[in-house]
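Quick look at run-v1.cif (mmCIF, C-alpha atoms):
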```
data_coords
#
loop_
_atom_site.label_atom_id
_atom_site.label_comp_id
_atom_site.auth_asym_id
_atom_site.auth_seq_id
_atom_site.Cartn_x
_atom_site.Cartn_y
_atom_site.Cartn_z
CA MET A 1 -2.56 -51.90 -110.05
CA ALA A 2 -0.29 -49.56 -108.12
CA ALA A 3 3.14 -50.72 -106.94
CA ALA A 4 3.48 -51.91 -103.32
CA ASP A 5 5.32 -48.70 -102.30
CA ILE A 6 2.50 -46.56 -103.65
CA GLU A 7 -0.18 -48.73 -102.04
CA ARG A 8 1.62 -48.39 -98.71
CA LEU A 9 1.78 -44.59 -99.05
CA ILE A 10 -1.92 -44.44 -99.80
CA ARG A 11 -2.77 -46.76 -96.91
CA LEU A 12 -0.78 -44.60 -94.47
CA LEU A 13 -2.35 -41.40 -95.79
CA GLY A 14 -5.74 -43.03 -95.17
CA ARG A 15 -4.92 -43.15 -91.44
CA LEU A 16 -5.03 -39.37 -91.23
CA PRO A 17 -8.31 -37.94 -89.95
CA GLY A 18 -10.57 -36.71 -92.72
CA LEU A 19 -8.96 -38.83 -95.44
CA GLY A 20 -10.94 -41.87 -96.60
CA PRO A 21 -9.53 -44.47 -99.03
CA ARG A 22 -10.64 -42.40 -102.00
CA SER A 23 -9.21 -39.07 -100.88
CA ALA A 24 -6.03 -40.79 -99.66
CA ARG A 25 -5.51 -42.15 -103.19
CA LYS A 26 -6.12 -38.69 -104.61
CA ALA A 27 -3.69 -37.07 -102.17
CA GLY A 28 -1.05 -39.76 -102.82
CA LEU A 29 -1.32 -39.32 -106.57
CA ALA A 30 -1.09 -35.54 -106.24
CA MET A 31 2.21 -36.01 -104.39
CA LEU A 32 3.59 -38.49 -106.92
CA LYS A 33 2.65 -36.38 -109.89
CA ARG A 34 4.38 -33.32 -108.49
CA PRO A 35 7.28 -34.65 -106.42
CA GLU A 36 9.29 -31.41 -106.44
CA ALA A 37 6.34 -29.14 -105.69
CA ILE A 38 4.50 -31.27 -103.13
CA LEU A 39 6.17 -34.54 -102.11
CA ARG A 40 9.69 -33.36 -101.27
CA PRO A 41 8.77 -30.13 -99.41
CA LEU A 42 6.23 -32.11 -97.39
CA VAL A 43 8.77 -34.81 -96.51
CA GLU A 44 11.19 -32.11 -95.35
CA ALA A 45 8.55 -30.34 -93.27
CA MET A 46 7.47 -33.63 -91.69
CA GLN A 47 11.05 -34.62 -90.89
CA LEU A 48 11.75 -31.24 -89.28
CA CYS A 49 8.61 -31.63 -87.18
CA ALA A 50 9.50 -35.21 -86.23
CA GLU A 51 12.88 -33.98 -84.99
CA ARG A 52 11.84 -30.73 -83.34
CA VAL A 53 8.23 -30.80 -82.16
CA THR A 54 7.67 -31.90 -78.61
CA ALA A 55 4.93 -31.65 -76.00
CA CYS A 56 5.46 -28.78 -73.55
CA GLY A 57 6.33 -30.20 -70.14
CA ILE A 58 4.23 -27.52 -68.43
CA CYS A 59 0.99 -27.10 -70.38
CA GLY A 60 1.03 -29.98 -72.90
CA ASN A 61 0.98 -27.73 -76.00
CA LEU A 62 2.95 -28.93 -79.05
CA ASP A 63 5.85 -26.68 -79.99
CA THR A 64 9.47 -26.72 -81.14
CA THR A 65 10.58 -25.50 -77.71
CA ASP A 66 9.95 -26.88 -74.22
CA PRO A 67 8.55 -24.93 -72.40
CA CYS A 68 6.40 -23.83 -75.33
CA SER A 69 6.17 -20.24 -76.58
CA VAL A 70 2.95 -19.65 -74.59
CA CYS A 71 4.52 -20.80 -71.32
CA ARG A 72 7.68 -18.77 -72.01
CA ASP A 73 5.72 -15.58 -72.76
CA ALA A 74 6.44 -13.36 -69.73
CA SER A 75 3.65 -10.92 -70.61
CA ARG A 76 0.91 -13.45 -69.87
CA ASP A 77 -1.15 -13.53 -66.72
CA ASP A 78 0.01 -16.38 -64.45
CA ARG A 79 -3.10 -16.03 -62.30
CA VAL A 80 -5.50 -17.50 -64.88
CA ILE A 81 -5.22 -21.03 -66.31
CA CYS A 82 -7.51 -22.10 -69.15
CA VAL A 83 -8.02 -25.89 -69.17
CA VAL A 84 -8.68 -27.45 -72.61
CA GLN A 85 -9.10 -31.01 -73.85
CA GLU A 86 -6.73 -31.01 -76.82
CA VAL A 87 -3.92 -29.01 -78.42
CA GLU A 88 -6.30 -27.92 -81.20
CA ASP A 89 -8.55 -26.34 -78.56
CA LEU A 90 -5.60 -24.32 -77.24
CA TRP A 91 -4.84 -23.17 -80.79
CA ALA A 92 -8.50 -22.27 -81.33
CA MET A 93 -8.51 -20.18 -78.13
CA GLU A 94 -5.36 -18.38 -79.31
CA ARG A 95 -6.63 -17.85 -82.83
CA LEU A 96 -10.18 -16.84 -82.03
CA VAL A 97 -10.26 -15.38 -78.55
CA GLY A 98 -6.80 -13.98 -77.85
CA PHE A 99 -6.89 -15.21 -74.24
CA LYS A 100 -3.84 -13.85 -72.40
CA GLY A 101 -3.45 -16.22 -69.46
CA ARG A 102 -1.87 -19.67 -69.31
CA TYR A 103 -3.19 -22.99 -70.62
CA HIS A 104 -3.35 -26.59 -69.54
CA VAL A 105 -3.98 -29.31 -72.12
CA LEU A 106 -5.60 -32.40 -70.58
CA GLY A 107 -5.05 -34.58 -73.64
CA GLY A 108 -8.58 -36.00 -73.50
CA THR A 109 -11.54 -36.37 -71.16
CA LEU A 110 -12.68 -38.74 -68.48
CA SER A 111 -15.13 -41.31 -69.80
CA ALA A 112 -17.16 -43.73 -67.72
CA ILE A 113 -18.26 -45.69 -70.79
CA GLU A 114 -14.81 -46.01 -72.34
CA GLY A 115 -13.19 -46.48 -68.93
CA ARG A 116 -10.85 -43.49 -69.01
CA GLY A 117 -10.02 -42.46 -65.44
CA PRO A 118 -8.18 -39.38 -64.08
CA GLU A 119 -4.78 -41.08 -64.55
CA THR A 120 -5.30 -41.18 -68.35
CA ILE A 121 -5.34 -37.37 -68.70
CA ARG A 122 -3.12 -34.62 -67.28
CA ILE A 123 -5.24 -33.76 -64.23
CA GLY A 124 -2.50 -34.54 -61.69
CA ALA A 125 -0.16 -32.13 -63.46
CA LEU A 126 -2.88 -29.45 -63.41
CA LEU A 127 -3.42 -29.83 -59.65
CA ALA A 128 0.33 -29.68 -59.07
CA ARG A 129 0.60 -26.48 -61.14
CA ILE A 130 -2.22 -24.83 -59.23
CA GLU A 131 -0.72 -25.84 -55.90
CA ALA A 132 2.73 -24.52 -56.83
CA ALA A 133 1.64 -21.11 -58.15
CA SER A 134 -0.79 -18.43 -57.05
CA VAL A 135 -3.58 -19.22 -59.51
CA GLU A 136 -6.72 -17.18 -58.94
CA GLU A 137 -9.00 -18.51 -61.70
CA VAL A 138 -9.27 -21.80 -63.58
CA VAL A 139 -11.37 -21.53 -66.76
CA LEU A 140 -12.73 -24.94 -67.77
CA ALA A 141 -12.98 -24.57 -71.55
CA LEU A 142 -14.10 -28.15 -72.16
CA GLY A 143 -16.58 -29.44 -74.72
CA ALA A 144 -20.30 -29.25 -73.93
CA THR A 145 -20.49 -33.05 -74.24
CA VAL A 146 -21.20 -35.65 -71.56
CA ASP A 147 -17.51 -36.54 -71.25
CA GLY A 148 -16.39 -32.91 -71.35
CA GLN A 149 -18.84 -31.91 -68.63
CA THR A 150 -18.01 -34.98 -66.50
CA THR A 151 -14.36 -33.95 -66.68
CA ALA A 152 -15.22 -30.34 -65.79
CA HIS A 153 -17.24 -31.53 -62.82
CA TYR A 154 -14.44 -33.80 -61.60
CA ILE A 155 -11.82 -31.03 -61.86
CA HIS A 156 -14.16 -28.62 -60.06
CA GLU A 157 -14.53 -31.11 -57.20
CA ARG A 158 -10.78 -31.61 -56.94
CA LEU A 159 -10.23 -27.84 -56.83
CA ARG A 160 -12.75 -27.11 -54.03
CA SER A 161 -9.99 -26.72 -51.44
CA ALA A 162 -7.51 -24.99 -53.76
CA GLY A 163 -8.83 -21.49 -53.06
CA CYS A 164 -9.21 -20.41 -56.70
CA VAL A 165 -12.32 -19.44 -58.64
CA VAL A 166 -13.44 -22.09 -61.16
CA THR A 167 -15.36 -20.85 -64.22
CA ARG A 168 -16.66 -22.49 -67.38
CA LEU A 169 -17.47 -21.11 -70.84
CA GLY A 170 -20.95 -19.60 -71.13
CA HIS A 171 -23.66 -21.59 -72.85
CA GLY A 172 -26.17 -19.95 -75.15
CA LEU A 173 -27.23 -19.03 -78.66
CA PRO A 174 -24.26 -19.42 -81.06
CA VAL A 175 -23.52 -16.14 -82.85
CA GLY A 176 -25.25 -16.36 -86.23
CA GLY A 177 -27.55 -19.12 -84.95
CA GLU A 178 -31.31 -19.25 -85.43
CA LEU A 179 -33.69 -20.09 -82.61
CA ASN A 180 -35.69 -22.75 -84.40
CA TYR A 181 -32.57 -24.83 -85.08
CA LEU A 182 -31.47 -24.85 -81.43
CA ASP A 183 -31.80 -27.90 -79.23
CA GLU A 184 -33.79 -27.62 -76.02
CA GLY A 185 -30.75 -27.67 -73.70
CA THR A 186 -29.04 -24.80 -75.50
CA LEU A 187 -32.22 -22.72 -75.63
CA GLU A 188 -32.83 -23.24 -71.90
CA ALA A 189 -29.20 -22.31 -71.16
CA ALA A 190 -29.52 -19.19 -73.33
CA MET A 191 -32.74 -18.24 -71.51
CA ARG A 192 -31.09 -18.64 -68.12
CA ALA A 193 -28.06 -16.64 -69.28
CA ARG A 194 -30.22 -13.79 -70.64
CA GLN A 195 -28.79 -10.33 -70.23
CA LYS A 196 -30.26 -6.86 -69.86
CA VAL A 197 -30.15 -4.94 -73.13
CA ALA A 198 -27.77 -2.03 -72.61
CA MET B 1 0.07 -20.00 -81.94
CA ALA B 2 1.81 -22.97 -83.54
CA ALA B 3 5.55 -22.89 -84.16
CA ALA B 4 6.77 -21.94 -87.65
CA ASP B 5 7.72 -25.56 -88.44
CA ILE B 6 4.23 -26.75 -87.57
CA GLU B 7 2.58 -23.93 -89.53
CA ARG B 8 4.68 -24.86 -92.56
CA LEU B 9 3.68 -28.54 -92.27
CA ILE B 10 0.00 -27.57 -92.09
CA ARG B 11 0.32 -25.17 -95.04
CA LEU B 12 1.94 -27.88 -97.18
CA LEU B 13 -0.69 -30.47 -96.19
CA GLY B 14 -3.31 -27.92 -97.27
CA ARG B 15 -1.94 -28.13 -100.83
CA LEU B 16 -3.12 -31.72 -101.14
CA PRO B 17 -6.44 -32.16 -102.92
CA GLY B 18 -9.36 -32.61 -100.55
CA LEU B 19 -7.63 -30.98 -97.58
CA GLY B 20 -8.78 -27.48 -96.67
CA PRO B 21 -7.04 -25.34 -94.02
CA ARG B 22 -9.15 -26.93 -91.28
CA SER B 23 -8.60 -30.56 -92.24
CA ALA B 24 -4.90 -29.87 -92.93
CA ARG B 25 -4.56 -28.63 -89.34
CA LYS B 26 -6.37 -31.74 -88.08
CA ALA B 27 -4.17 -34.06 -90.16
CA GLY B 28 -1.00 -32.23 -89.08
CA LEU B 29 -1.95 -32.49 -85.41
CA ALA B 30 -2.78 -36.18 -85.76
CA MET B 31 0.76 -36.73 -87.10
CA LEU B 32 2.40 -34.70 -84.35
CA LYS B 33 0.44 -36.37 -81.57
CA ARG B 34 1.40 -39.84 -82.77
CA PRO B 35 4.84 -39.47 -84.37
CA GLU B 36 5.79 -43.15 -84.11
CA ALA B 37 2.45 -44.48 -85.35
CA ILE B 38 1.73 -41.97 -88.11
CA LEU B 39 4.41 -39.35 -88.79
CA ARG B 40 7.52 -41.54 -89.12
CA PRO B 41 5.99 -44.39 -91.18
CA LEU B 42 4.47 -41.80 -93.50
CA VAL B 43 7.80 -39.99 -93.93
CA GLU B 44 9.47 -43.29 -94.76
CA ALA B 45 6.78 -44.28 -97.27
CA MET B 46 6.96 -40.85 -98.92
CA GLN B 47 10.75 -40.98 -99.13
CA LEU B 48 10.67 -44.43 -100.71
CA CYS B 49 8.14 -43.19 -103.25
CA ALA B 50 10.16 -40.05 -103.95
CA GLU B 51 13.19 -42.23 -104.70
CA ARG B 52 11.51 -45.05 -106.58
CA VAL B 53 8.30 -43.95 -108.29
CA THR B 54 8.65 -42.78 -111.84
CA ALA B 55 6.38 -42.26 -114.84
CA CYS B 56 6.41 -45.19 -117.27
CA GLY B 57 8.17 -44.15 -120.48
CA ILE B 58 5.66 -46.10 -122.55
CA CYS B 59 2.18 -45.53 -121.11
CA GLY B 60 2.66 -42.76 -118.53
CA ASN B 61 1.50 -44.86 -115.54
CA LEU B 62 3.25 -44.25 -112.20
CA ASP B 63 5.19 -47.24 -110.90
CA THR B 64 8.45 -48.23 -109.23
CA THR B 65 9.66 -49.76 -112.49
CA ASP B 66 9.99 -48.32 -116.00
CA PRO B 67 8.38 -49.81 -118.08
CA CYS B 68 5.58 -50.20 -115.53
CA SER B 69 4.11 -53.53 -114.44
CA VAL B 70 1.21 -53.18 -116.90
CA CYS B 71 3.52 -52.57 -119.87
CA ARG B 72 5.82 -55.44 -118.77
CA ASP B 73 2.91 -57.91 -118.43
CA ALA B 74 3.40 -60.28 -121.39
CA SER B 75 -0.09 -61.77 -121.01
CA ARG B 76 -1.81 -58.56 -122.06
CA ASP B 77 -3.28 -57.92 -125.47
CA ASP B 78 -1.01 -55.56 -127.45
CA ARG B 79 -3.72 -55.00 -130.04
CA VAL B 80 -5.94 -52.86 -127.80
CA ILE B 81 -4.87 -49.54 -126.24
CA CYS B 82 -7.14 -47.82 -123.73
CA VAL B 83 -6.51 -44.06 -123.66
CA VAL B 84 -7.20 -42.32 -120.32
CA GLN B 85 -6.74 -38.78 -119.05
CA GLU B 86 -4.95 -39.44 -115.76
CA VAL B 87 -3.12 -42.17 -113.85
CA GLU B 88 -6.10 -42.47 -111.46
CA ASP B 89 -8.29 -43.36 -114.46
CA LEU B 90 -5.90 -46.18 -115.40
CA TRP B 91 -6.06 -47.45 -111.82
CA ALA B 92 -9.85 -47.24 -111.85
CA MET B 93 -9.99 -49.28 -115.08
CA GLU B 94 -7.72 -51.89 -113.51
CA ARG B 95 -9.60 -51.98 -110.22
CA LEU B 96 -13.13 -51.91 -111.57
CA VAL B 97 -13.10 -53.35 -115.06
CA GLY B 98 -10.13 -55.70 -115.29
CA PHE B 99 -9.32 -54.54 -118.82
CA LYS B 100 -6.55 -56.76 -120.24
CA GLY B 101 -5.07 -54.64 -123.02
CA ARG B 102 -2.54 -51.81 -122.83
CA TYR B 103 -3.01 -48.23 -121.63
CA HIS B 104 -1.95 -44.76 -122.59
CA VAL B 105 -2.16 -41.93 -120.05
CA LEU B 106 -2.54 -38.53 -121.72
CA GLY B 107 -1.84 -36.55 -118.53
CA GLY B 108 -4.73 -34.16 -119.15
CA THR B 109 -7.08 -32.95 -121.86
CA LEU B 110 -7.07 -30.40 -124.59
CA SER B 111 -8.84 -27.20 -123.56
CA ALA B 112 -9.75 -24.33 -125.82
CA ILE B 113 -10.69 -22.09 -122.88
CA GLU B 114 -7.57 -22.77 -120.83
CA GLY B 115 -5.37 -22.83 -123.95
CA ARG B 116 -4.04 -26.38 -123.63
CA GLY B 117 -3.02 -27.64 -127.08
CA PRO B 118 -1.98 -31.13 -128.27
CA GLU B 119 1.64 -30.50 -127.25
CA THR B 120 0.64 -30.23 -123.56
CA ILE B 121 -0.55 -33.85 -123.36
CA ARG B 122 0.96 -37.16 -124.54
CA ILE B 123 -0.85 -37.38 -127.89
CA GLY B 124 2.35 -37.49 -129.97
CA ALA B 125 3.59 -40.45 -127.96
CA LEU B 126 0.24 -42.21 -128.50
CA LEU B 127 0.41 -41.75 -132.28
CA ALA B 128 4.00 -43.00 -132.31
CA ARG B 129 3.01 -46.11 -130.32
CA ILE B 130 0.14 -46.88 -132.69
CA GLU B 131 2.36 -46.39 -135.72
CA ALA B 132 5.09 -48.65 -134.34
CA ALA B 133 2.85 -51.57 -133.30
CA SER B 134 -0.05 -53.44 -134.84
CA VAL B 135 -2.82 -51.84 -132.79
CA GLU B 136 -6.32 -52.87 -133.86
CA GLU B 137 -8.48 -50.91 -131.43
CA VAL B 138 -8.06 -47.67 -129.51
CA VAL B 139 -10.59 -47.26 -126.67
CA LEU B 140 -11.04 -43.59 -125.79
CA ALA B 141 -11.94 -43.83 -122.07
CA LEU B 142 -12.04 -40.08 -121.54
CA GLY B 143 -14.39 -38.09 -119.32
CA ALA B 144 -17.84 -37.17 -120.63
CA THR B 145 -16.96 -33.49 -120.22
CA VAL B 146 -16.49 -30.82 -122.88
CA ASP B 147 -12.69 -31.05 -122.63
CA GLY B 148 -12.72 -34.86 -122.49
CA GLN B 149 -14.90 -35.12 -125.58
CA THR B 150 -12.91 -32.45 -127.44
CA THR B 151 -9.79 -34.50 -126.78
CA ALA B 152 -11.52 -37.72 -127.89
CA HIS B 153 -12.66 -36.01 -131.10
CA TYR B 154 -9.15 -34.68 -131.81
CA ILE B 155 -7.52 -38.09 -131.27
CA HIS B 156 -10.17 -39.73 -133.45
CA GLU B 157 -9.37 -37.28 -136.27
CA ARG B 158 -5.64 -37.88 -135.95
CA LEU B 159 -6.21 -41.67 -136.12
CA ARG B 160 -8.37 -41.65 -139.27
CA SER B 161 -5.50 -42.85 -141.43
CA ALA B 162 -4.02 -45.23 -138.86
CA GLY B 163 -6.16 -48.19 -139.85
CA CYS B 164 -7.37 -49.07 -136.36
CA VAL B 165 -10.88 -49.06 -134.90
CA VAL B 166 -11.54 -46.18 -132.50
CA THR B 167 -14.18 -46.76 -129.80
CA ARG B 168 -15.40 -44.79 -126.79
CA LEU B 169 -17.09 -45.82 -123.55
CA GLY B 170 -20.86 -46.27 -123.80
CA HIS B 171 -23.11 -43.56 -122.40
CA GLY B 172 -26.31 -44.41 -120.55
CA LEU B 173 -28.07 -44.95 -117.27
CA PRO B 174 -25.50 -45.41 -114.46
CA VAL B 175 -26.01 -48.74 -112.69
CA GLY B 176 -28.07 -48.00 -109.57
CA GLY B 177 -29.26 -44.70 -111.07
CA GLU B 178 -32.85 -43.49 -111.13
CA LEU B 179 -34.45 -42.04 -114.23
CA ASN B 180 -35.84 -38.90 -112.67
CA TYR B 181 -32.40 -37.81 -111.48
CA LEU B 182 -30.82 -38.14 -114.93
CA ASP B 183 -29.94 -35.16 -117.05
CA GLU B 184 -31.43 -34.87 -120.53
CA GLY B 185 -28.21 -35.72 -122.37
CA THR B 186 -27.67 -38.95 -120.46
CA LEU B 187 -31.29 -40.02 -120.84
CA GLU B 188 -31.18 -39.39 -124.59
CA ALA B 189 -27.92 -41.33 -124.85
CA ALA B 190 -29.42 -44.21 -122.86
CA MET B 191 -32.47 -44.22 -125.14
CA ARG B 192 -30.28 -44.34 -128.26
CA ALA B 193 -28.18 -47.15 -126.72
CA ARG B 194 -31.23 -49.22 -125.79
CA GLN B 195 -30.82 -52.95 -126.11
CA LYS B 196 -33.15 -55.82 -126.77
CA VAL B 197 -34.06 -57.68 -123.59
CA ALA B 198 -32.61 -61.17 -123.89
#
```
For the structure just supplied, provide its representation as structure tokens.
Amino acid sequence: MAAADIERLIRLLGRLPGLGPRSARKAGLAMLKRPEAILRPLVEAMQLCAERVTACGICGNLDTTDPCSVCRDASRDDRVICVVQEVEDLWAMERLVGFKGRYHVLGGTLSAIEGRGPETIRIGALLARIEAASVEEVVLALGATVDGQTTAHYIHERLRSAGCVVTRLGHGLPVGGELNYLDEGTLEAAMRARQKVA
Amino acid sequence: MAAADIERLIRLLGRLPGLGPRSARKAGLAMLKRPEAILRPLVEAMQLCAERVTACGICGNLDTTDPCSVCRDASRDDRVICVVQEVEDLWAMERLVGFKGRYHVLGGTLSAIEGRGPETIRIGALLARIEAASVEEVVLALGATVDGQTTAHYIHERLRSAGCVVTRLGHGLPVGGELNYLDEGTLEAAMRARQKVA
């Protein structure tokens, strides 16, 4: 029974990840009921972002400057590049780990099944960066999924002649995790990665 | 590590119902990664709604016209008014039931605990509507919560002298529901509302 403009708003909200038809309707109504508190500030923020936010030409991060604030930060270590799949992974590394090197956002993974080859992600740009600078370590912080590990393997192969160390994130028991909920692969990896108690 | 503009967008998205900090970040990133497909159409739809959508002066529905399309619909039965708490309840009645009378959106409930009195919701406007027109039945389609039922009781009291029939939605077994998951109150109500098998 809603007007066409409202239906359209709700349909577009439903395209956002995590919002189904029901929650999109709820979010749309919340905006319409409180236009000054929610709708207008959100429109302004979205317009500002539409005008200003751009992908960093170096690492692929999203920021209001290009190069992004991470790439412009002179205090960071140029010798280490952390390769991630998506911008959210870069943000997670910054938020949770406080990594102080550089990043490279691939923008996805290779996928044999879905037919995504090396030209669909930013692997060429990564190789060019490594060739141009004196990079000593490339940390492959990719997902522990089939596609993530395929991508890690491919990048490792391409970097064999580059003269830099290639590392990946350690596998093992998640902090707070219980043994009897672990899958076999993780438990085996944790066993192999066992460390001497200090 | 996100720019201030992006952080602001994510914070504002997090004010929408159903979006926590995590899903707000995900939704914000989805917009920024696909500005032409998601961000810009959404901004346009929100701007249109901000300009056009208004609360109906008669029933309280949200629409791009005032009176709203329901109140303007000459084919509807003026003798029955269905009273609901929120605009989403009106939409649910339209979507699911196909009720063909008029509506009145209260915009909330009375609440002794949270100190919301009759002046905080559109009860005065409801009484004025009933007084002005020849309303024969008022359907109180309010939630089966303490506040919803308090509000229904209050409206019923205020309508004693109005000369119209006051009804409420039937309680009972939800369609598709199983007996052993029902609470006591619902099961008792269903027992009292039992009907002869035709």
*Can you pull out every residue within 10 Å of Val165 in chain B, counting only C-alpha atoms, but drop anything in the same chain fewer than 3 positions away, and send it as a PyMOL selection string?*
chain B and resi 80+135-139+156+159-160+162
For the residues in the current selection, export C-alpha atoms as a compact mmCIF listing (two decimals), in the frame of the given file.
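Generated output (out06.txt):
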```
# COMPACT_ATOMS: atom_id res chain seq x y z
CA VAL B 80 -5.94 -52.86 -127.80
CA VAL B 135 -2.82 -51.84 -132.79
CA GLU B 136 -6.32 -52.87 -133.86
CA GLU B 137 -8.48 -50.91 -131.43
CA VAL B 138 -8.06 -47.67 -129.51
CA VAL B 139 -10.59 -47.26 -126.67
CA HIS B 156 -10.17 -39.73 -133.45
CA LEU B 159 -6.21 -41.67 -136.12
CA ARG B 160 -8.37 -41.65 -139.27
CA ALA B 162 -4.02 -45.23 -138.86
```
Would you tabulate, counting only C-alpha atoms, all residues of range 110-132 of chain A that have an atom at most 12 Å from an atom of range 85-96 of chain A, showing the closest pair of atoms and their distance in Å to one decimal, sorted by chain then ascending number, as a tab-separated table?
```
residue	atom	partner	partner_atom	distance
A:Leu110	CA	A:Gln85	CA	10.1
A:Ile121	CA	A:Gln85	CA	9.0
A:Arg122	CA	A:Gln85	CA	9.6
A:Ile123	CA	A:Gln85	CA	10.7
```
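All protein and nucleic acid residues in the vicinity of (-0.1, -27.0, -91.3), that is within 9 Å when counting all atoms listed in the file, are Ala2, Asp5, Ile6, Glu7, Arg8, Leu9, Ile10, Arg11, Leu12, Leu13, Gly14, Pro21, Ala24, Arg25, Lys26, Ala27, Gly28 and Leu29 of chain B.
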*How would you write, as a list in words, the residues chosen by the PyMOL selection byres ((chain A) within 6 of (chain B)) on this structure?*
Met1, Ala3, Leu9, Leu16, Pro17, Ala27, Val43, Ala45, Asp63 and Trp91 of chain A
Dump of C-alpha atoms for the selected residues, as a PDB file, keeping the file's coordinate frame:
```pdb
ATOM      1  CA  MET A   1      -2.560 -51.900-110.050  1.00  0.00           C
ATOM      2  CA  ALA A   3       3.140 -50.720-106.940  1.00  0.00           C
ATOM      3  CA  LEU A   9       1.780 -44.590 -99.050  1.00  0.00           C
ATOM      4  CA  LEU A  16      -5.030 -39.370 -91.230  1.00  0.00           C
ATOM      5  CA  PRO A  17      -8.310 -37.940 -89.950  1.00  0.00           C
ATOM      6  CA  ALA A  27      -3.690 -37.070-102.170  1.00  0.00           C
ATOM      7  CA  VAL A  43       8.770 -34.810 -96.510  1.00  0.00           C
ATOM      8  CA  ALA A  45       8.550 -30.340 -93.270  1.00  0.00           C
ATOM      9  CA  ASP A  63       5.850 -26.680 -79.990  1.00  0.00           C
ATOM     10  CA  TRP A  91      -4.840 -23.170 -80.790  1.00  0.00           C
TER      11      TRP A  91
END
```
*Distance of CA of Glu119 in chain B from CA of Ala133 in chain B, expressed in Å to one decimal place*: 22.0 Å
*asked:* On this structure, the PyMOL selection byres ((chain B and resi 182-189) around 12) would catch which residues? List them as a PyMOL selection string, sorted by chain and number.
replied: chain B and resi 144-145+169-181+190-194
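As for CA of Ile58 in chain A and CA of Ile113 in chain A, they are spaced 29.0 Å apart.
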Quick one: axis-aligned box around all listed atoms of range 171-186 of chain A, 5 Å on every side, centre and edge lengths in Å to one decimal, written as AutoDock Vina command-line options.
```
--center_x -29.6 --center_y -22.0 --center_z -79.5 --size_x 22.2 --size_y 21.8 --size_z 23.4
```
*Between B:Thr150, B:Val197, B:His104, B:Asp66, single out the one closest to Ala128 in chain B, counting all atoms listed in the file.*
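Smallest separation from Ala128 in chain B among the options: B:His104.
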*Mind pulling up the distance from CA of Gly108 in chain B to CA of Val146 in chain B?*
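Interatomic distance, CA of Val146 in chain B to CA of Gly108 in chain B: 12.8 Å.
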_Picked residues, the PyMOL selection byres ((chain A and resi 77) around 7), expected as number ranges by chain_ = A: 75-76, 78-80, 100-102
*Using all atoms listed in the file: which of A:Asp147, A:Phe99, A:Val105, A:Leu142 has the shortest distance to Gly117 in chain A*: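 Checking each candidate against Gly117 in chain A, we get A:Asp147 as the closest.
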*Hey, which of B:Arg72, B:Lys196, B:Arg158, B:Arg168 ends up closest to Leu140 in chain B? Count all atoms listed in the file.*
B:Arg168
Hey, could you patch up range 63-74 of chain B with N, CA and C atoms and hand it over as a short mmCIF file (atom, residue, chain, number, x, y, z; two decimals), in the frame of the given file?
```
data_model
loop_
_atom_site.label_atom_id
_atom_site.label_comp_id
_atom_site.auth_asym_id
_atom_site.auth_seq_id
_atom_site.Cartn_x
_atom_site.Cartn_y
_atom_site.Cartn_z
N ASP B 63 4.82 -45.94 -111.45
CA ASP B 63 5.19 -47.24 -110.90
C ASP B 63 6.62 -47.16 -110.40
N THR B 64 7.06 -48.21 -109.70
CA THR B 64 8.45 -48.23 -109.23
C THR B 64 9.38 -48.86 -110.27
N THR B 65 8.81 -49.27 -111.40
CA THR B 65 9.66 -49.76 -112.49
C THR B 65 9.30 -49.00 -113.77
N ASP B 66 10.24 -48.94 -114.70
CA ASP B 66 9.99 -48.32 -116.00
C ASP B 66 10.60 -49.22 -117.07
N PRO B 67 9.83 -49.88 -117.93
CA PRO B 67 8.38 -49.81 -118.08
C PRO B 67 7.63 -50.31 -116.83
N CYS B 68 6.38 -49.86 -116.70
CA CYS B 68 5.58 -50.20 -115.53
C CYS B 68 5.10 -51.65 -115.59
N SER B 69 4.51 -52.12 -114.51
CA SER B 69 4.11 -53.53 -114.44
C SER B 69 3.06 -53.87 -115.50
N VAL B 70 2.22 -52.92 -115.87
CA VAL B 70 1.21 -53.18 -116.90
C VAL B 70 1.90 -53.37 -118.25
N CYS B 71 2.84 -52.49 -118.57
CA CYS B 71 3.52 -52.57 -119.87
C CYS B 71 4.43 -53.80 -119.94
N ARG B 72 4.94 -54.27 -118.77
CA ARG B 72 5.82 -55.44 -118.77
C ARG B 72 5.04 -56.76 -118.81
N ASP B 73 3.74 -56.70 -118.53
CA ASP B 73 2.91 -57.91 -118.43
C ASP B 73 2.71 -58.53 -119.82
N ALA B 74 3.40 -59.67 -120.06
CA ALA B 74 3.40 -60.28 -121.39
C ALA B 74 2.05 -60.90 -121.75
#
```
